[in-house]
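Structure file upload.tsv with TSV, C-alpha atoms:
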chain	number	residue	atom	x	y	z
R	1	MET	CA	18.57	-5.88	-1.69
R	2	LYS	CA	18.18	-5.05	1.96
R	3	LEU	CA	14.60	-4.39	2.97
R	4	LYS	CA	13.74	-1.82	5.61
R	5	TYR	CA	11.50	-3.39	8.17
R	6	ASP	CA	9.88	-1.04	10.69
R	7	ALA	CA	10.53	-0.97	14.44
R	8	ASN	CA	8.27	-4.00	14.82
R	9	GLY	CA	10.11	-5.94	12.14
R	10	LEU	CA	7.30	-5.49	9.64
R	11	ILE	CA	6.96	-4.21	6.09
R	12	PRO	CA	3.67	-3.40	4.36
R	13	ALA	CA	2.78	-5.48	1.32
R	14	ILE	CA	0.22	-4.46	-1.29
R	15	ALA	CA	-1.48	-7.27	-3.19
R	16	GLN	CA	-2.46	-6.25	-6.71
R	17	ASP	CA	-4.33	-8.46	-9.14
R	18	ALA	CA	-1.76	-9.23	-11.84
R	19	GLU	CA	-4.41	-9.36	-14.56
R	20	THR	CA	-6.80	-6.54	-13.75
R	21	GLY	CA	-4.47	-4.23	-11.83
R	22	GLN	CA	-7.01	-3.94	-9.02
R	23	VAL	CA	-5.48	-3.31	-5.61
R	24	LEU	CA	-6.88	-6.09	-3.49
R	25	MET	CA	-5.53	-5.61	0.00
R	26	VAL	CA	-2.65	-4.42	2.14
R	27	ALA	CA	-1.18	-6.50	4.92
R	28	TRP	CA	2.10	-6.78	6.78
R	29	MET	CA	4.99	-9.17	6.44
R	30	ASN	CA	7.87	-9.99	8.70
R	31	GLN	CA	10.98	-11.70	7.35
R	32	LYS	CA	9.48	-15.12	8.00
R	33	ALA	CA	6.25	-14.28	6.16
R	34	LEU	CA	8.25	-13.10	3.19
R	35	ASP	CA	10.37	-16.24	3.25
R	36	LEU	CA	7.28	-18.45	3.39
R	37	THR	CA	5.69	-16.47	0.56
R	38	ARG	CA	8.71	-16.97	-1.64
R	39	GLN	CA	9.11	-20.62	-0.72
R	40	THR	CA	5.48	-21.58	-1.26
R	41	GLY	CA	4.38	-19.07	-3.89
R	42	GLN	CA	1.38	-18.19	-1.73
R	43	ALA	CA	1.08	-14.95	0.21
R	44	HIS	CA	1.79	-15.18	3.92
R	45	PHE	CA	1.38	-12.26	6.29
R	46	TRP	CA	1.92	-11.37	9.91
R	47	SER	CA	-1.29	-10.50	11.70
R	48	ARG	CA	-0.68	-7.52	13.94
R	49	SER	CA	-4.01	-7.97	15.74
R	50	ARG	CA	-3.62	-11.69	16.36
R	51	GLN	CA	0.19	-11.62	16.53
R	52	THR	CA	0.45	-14.70	14.41
R	53	MET	CA	1.51	-15.81	10.95
R	54	TRP	CA	-1.26	-16.46	8.48
R	55	ARG	CA	-1.39	-17.84	5.01
R	56	LYS	CA	-3.96	-15.72	3.18
R	57	GLY	CA	-6.90	-18.00	2.37
R	58	GLU	CA	-5.96	-20.70	4.85
R	59	THR	CA	-9.55	-20.84	6.07
R	60	SER	CA	-11.49	-19.24	3.20
R	61	GLY	CA	-9.59	-20.96	0.41
R	62	ASN	CA	-9.08	-17.58	-1.22
R	63	VAL	CA	-5.34	-17.87	-1.47
R	64	LEU	CA	-3.15	-15.39	-3.31
R	65	THR	CA	-0.66	-16.94	-5.70
R	66	VAL	CA	2.27	-14.60	-6.01
R	67	ARG	CA	3.67	-14.07	-9.48
R	68	GLU	CA	6.11	-11.27	-8.79
R	69	ILE	CA	7.33	-9.20	-5.86
R	70	TRP	CA	8.37	-5.60	-6.42
R	71	VAL	CA	10.14	-3.28	-3.98
R	72	ASP	CA	9.84	0.49	-3.80
R	73	CYS	CA	12.69	2.98	-4.08
R	74	ASP	CA	13.37	3.21	-0.36
R	75	ALA	CA	12.84	-0.53	0.14
R	76	ASP	CA	10.20	-0.16	2.83
R	77	THR	CA	7.12	-1.35	0.92
R	78	LEU	CA	6.41	-4.44	-1.17
R	79	LEU	CA	4.07	-4.83	-4.12
R	80	LEU	CA	2.87	-8.36	-4.84
R	81	GLN	CA	1.49	-9.17	-8.25
R	82	VAL	CA	-0.96	-11.95	-7.54
R	83	GLU	CA	-3.60	-14.28	-8.86
R	84	ALA	CA	-6.53	-14.39	-6.46
R	85	ALA	CA	-8.41	-17.66	-6.04
R	86	GLY	CA	-11.48	-15.75	-4.88
R	87	PRO	CA	-12.52	-12.55	-3.14
R	88	ALA	CA	-9.57	-11.09	-1.29
R	89	CYS	CA	-11.65	-9.39	1.39
R	90	HIS	CA	-13.13	-11.24	4.35
R	91	THR	CA	-16.41	-9.42	3.59
R	92	GLY	CA	-16.70	-11.27	0.29
R	93	GLU	CA	-15.76	-8.23	-1.78
R	94	THR	CA	-13.16	-8.71	-4.49
R	95	SER	CA	-10.99	-6.00	-2.94
R	96	CYS	CA	-10.73	-4.69	0.61
R	97	PHE	CA	-10.98	-1.22	-0.95
R	98	PHE	CA	-14.69	-1.31	-1.69
R	99	ARG	CA	-15.70	1.92	0.05
R	100	LYS	CA	-15.08	5.46	-1.08
R	101	LEU	CA	-14.20	8.00	1.55
R	102	GLU	CA	-17.32	10.11	1.70
R	103	ASP	CA	-17.19	13.82	1.04
A	1	MET	CA	-16.28	6.77	8.41
A	2	LYS	CA	-13.74	6.77	11.19
A	3	LEU	CA	-10.22	6.06	9.99
A	4	LYS	CA	-7.77	4.09	12.09
A	5	TYR	CA	-4.57	6.04	12.37
A	6	ASP	CA	-1.60	4.21	13.88
A	7	ALA	CA	0.12	5.04	17.16
A	8	ASN	CA	1.92	7.91	15.41
A	9	GLY	CA	-1.30	9.31	14.01
A	10	LEU	CA	-0.49	8.09	10.51
A	11	ILE	CA	-2.25	6.01	7.88
A	12	PRO	CA	-0.58	4.58	4.76
A	13	ALA	CA	-1.85	5.83	1.42
A	14	ILE	CA	-1.28	4.05	-1.88
A	15	ALA	CA	-1.28	6.21	-4.99
A	16	GLN	CA	-2.52	4.34	-8.05
A	17	ASP	CA	-2.66	5.79	-11.55
A	18	ALA	CA	-6.37	6.12	-12.27
A	19	GLU	CA	-5.88	5.42	-15.97
A	20	THR	CA	-3.27	2.68	-16.13
A	21	GLY	CA	-3.82	1.04	-12.74
A	22	GLN	CA	-0.09	1.21	-12.02
A	23	VAL	CA	0.77	1.50	-8.34
A	24	LEU	CA	2.94	4.60	-8.19
A	25	MET	CA	3.98	5.02	-4.56
A	26	VAL	CA	3.05	4.57	-0.94
A	27	ALA	CA	3.38	7.35	1.59
A	28	TRP	CA	1.86	8.30	4.91
A	29	MET	CA	-0.84	10.76	5.84
A	30	ASN	CA	-1.88	12.27	9.10
A	31	GLN	CA	-5.28	13.87	9.54
A	32	LYS	CA	-3.97	17.23	8.36
A	33	ALA	CA	-2.41	15.75	5.21
A	34	LEU	CA	-5.70	14.07	4.38
A	35	ASP	CA	-7.60	17.31	4.99
A	36	LEU	CA	-5.21	19.24	2.74
A	37	THR	CA	-5.48	16.55	0.07
A	38	ARG	CA	-9.25	16.76	0.07
A	39	GLN	CA	-9.29	20.55	0.18
A	40	THR	CA	-6.79	21.06	-2.64
A	41	GLY	CA	-7.28	17.94	-4.74
A	42	GLN	CA	-3.53	17.37	-4.66
A	43	ALA	CA	-1.89	14.62	-2.62
A	44	HIS	CA	-0.25	15.76	0.62
A	45	PHE	CA	1.70	13.44	2.87
A	46	TRP	CA	3.50	13.44	6.19
A	47	SER	CA	7.21	12.77	5.84
A	48	ARG	CA	8.29	10.42	8.61
A	49	SER	CA	11.98	11.02	7.90
A	50	ARG	CA	11.76	14.80	7.77
A	51	GLN	CA	8.82	15.06	10.19
A	52	THR	CA	7.11	17.59	8.00
A	53	MET	CA	4.12	17.97	5.73
A	54	TRP	CA	4.80	17.83	2.02
A	55	ARG	CA	2.74	18.35	-1.06
A	56	LYS	CA	3.85	15.69	-3.50
A	57	GLY	CA	5.54	17.47	-6.40
A	58	GLU	CA	6.05	20.74	-4.55
A	59	THR	CA	9.66	20.88	-5.78
A	60	SER	CA	9.60	18.51	-8.80
A	61	GLY	CA	6.30	19.70	-10.19
A	62	ASN	CA	5.17	16.09	-10.37
A	63	VAL	CA	2.00	16.59	-8.40
A	64	LEU	CA	-0.64	13.94	-7.95
A	65	THR	CA	-4.17	15.10	-8.64
A	66	VAL	CA	-6.52	12.97	-6.59
A	67	ARG	CA	-9.67	11.78	-8.30
A	68	GLU	CA	-10.99	9.40	-5.68
A	69	ILE	CA	-10.07	8.15	-2.24
A	70	TRP	CA	-10.95	4.62	-1.21
A	71	VAL	CA	-10.72	3.05	2.25
A	72	ASP	CA	-10.10	-0.58	3.06
A	73	CYS	CA	-12.34	-2.85	5.11
A	74	ASP	CA	-10.65	-2.16	8.42
A	75	ALA	CA	-10.21	1.54	7.65
A	76	ASP	CA	-6.47	1.59	8.23
A	77	THR	CA	-5.24	2.07	4.64
A	78	LEU	CA	-6.17	4.54	1.91
A	79	LEU	CA	-6.08	4.06	-1.85
A	80	LEU	CA	-5.83	7.23	-3.91
A	81	GLN	CA	-6.82	7.13	-7.55
A	82	VAL	CA	-4.66	9.81	-9.09
A	83	GLU	CA	-3.51	11.57	-12.23
A	84	ALA	CA	0.27	11.99	-12.16
A	85	ALA	CA	1.76	15.12	-13.70
A	86	GLY	CA	5.05	13.27	-14.21
A	87	PRO	CA	7.16	10.49	-12.76
A	88	ALA	CA	6.01	9.73	-9.22
A	89	CYS	CA	9.41	8.54	-8.04
A	90	HIS	CA	12.21	10.89	-7.06
A	91	THR	CA	14.51	8.70	-9.18
A	92	GLY	CA	12.64	9.72	-12.32
A	93	GLU	CA	10.90	6.37	-12.66
A	94	THR	CA	7.16	6.41	-13.30
A	95	SER	CA	6.56	4.31	-10.20
A	96	CYS	CA	8.57	3.86	-7.02
A	97	PHE	CA	8.12	0.12	-7.55
A	98	PHE	CA	10.63	-0.27	-10.36
A	99	ARG	CA	12.72	-3.07	-8.90
A	100	LYS	CA	11.83	-6.70	-8.59
A	101	LEU	CA	12.88	-8.50	-5.45
A	102	GLU	CA	15.63	-10.74	-6.70
A	103	ASP	CA	15.40	-14.50	-6.30

Whole structure given in structure tokens:
Amino acid sequence: MKLKYDANGLIPAIAQDAETGQVLMVAWMNQKALDLTRQTGQAHFWSRSRQTMWRKGETSGNVLTVREIWVDCDADTLLLQVEAAGPACHTGETSCFFRKLED
Amino acid sequence: MKLKYDANGLIPAIAQDAETGQVLMVAWMNQKALDLTRQTGQAHFWSRSRQTMWRKGETSGNVLTVREIWVDCDADTLLLQVEAAGPACHTGETSCFFRKLED
């Protein structure tokens, strides 16, 4: 199926723990990052701040092994079902979503 | 906490079923959509294609009642824990992520 990348050639990808269902993080992929993810089985993303490709966990060791990739109805968002080797967040939290929006 | 809206004043919001953990959909919010969501307890989004505010389910009846809102570490993505009144996808599927990316 044809994915809809945005004007910058990027598509958001949600990483969800395949076992627990916990949403771990959201990052962005370009076509190359998606290709690398599928070829290697490990999540690769495009860093918008650093403008570079990164393999999640390349420094921390906390790689994401991708079991399945799902696409939404309008083909502009990806959902990765993953196994996480460790905390997904750079803060050491399991998930990047560790804060509630205060009232 | 200060949210990081993108250059268009938007932030992506993931809706996750609070009971099952299923990721239902991803849509975009501006500040007003977030305010309306918090005020009403029902998910509101900004439609990028129609350039208008919409209350999810306003025509289908399949509203999303928001239990909790979580923010990620860099404050540029929201995670809504919701109760879905019906299928979240306009196709009638429970989740917009009903297709696997083919090999």

Could you pull the residues within 9 Å of segment 75-86 of chain A, counting only C-alpha atoms, minus those fewer than 5 positions along the same chain, as a ChimeraX atom specification? /R:23,25-26,97,101 /A:1-6,11-19,21,24,42-43,57,60-70,92,94

Distance in Å - atom CA of Cys73 of chain A versus atom CA of Arg55 of chain A: 26.7 Å

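You can rank R:Thr59, R:Thr20, R:Glu93, R:Leu10 by their closest distance to Ser47 of chain R using all atoms listed in the file, and at the top of that list sits R:Leu10.
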
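Coordinates place atom CA of Val71 of chain A at a distance of 5.6 Å from atom CA of Arg99 of chain R.
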
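Comparing R:Trp54, R:Glu102, R:Asp72, R:Trp46 by their smallest distance to chain A, the closest is R:Asp72 (using only C-alpha atoms).
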
Quick one: pull the distance between atom CA of Lys100 of chain R and atom CA of Thr37 of chain A, Å, one decimal. 14.7 Å

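Between Pro87 of chain R and the candidates R:Gln22, R:Gly9, R:Gly41, R:Arg50, the tightest atom-to-atom separation, counting all atoms listed in the file, involves R:Gln22.
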
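Minimum distance to chain A across R:Ser49, R:Asn30, R:Asn8, R:Thr91 (counting all atoms listed in the file) occurs at R:Thr91.
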
With 4 Å added on each side, what axis-aligned box encloses every listed atom of segment 8-11 of chain A? Give the centre and edge lengths in Å to one decimal, as JSON.
{"center_x": -0.2, "center_y": 7.7, "center_z": 11.6, "size_x": 12.2, "size_y": 11.3, "size_z": 15.5}
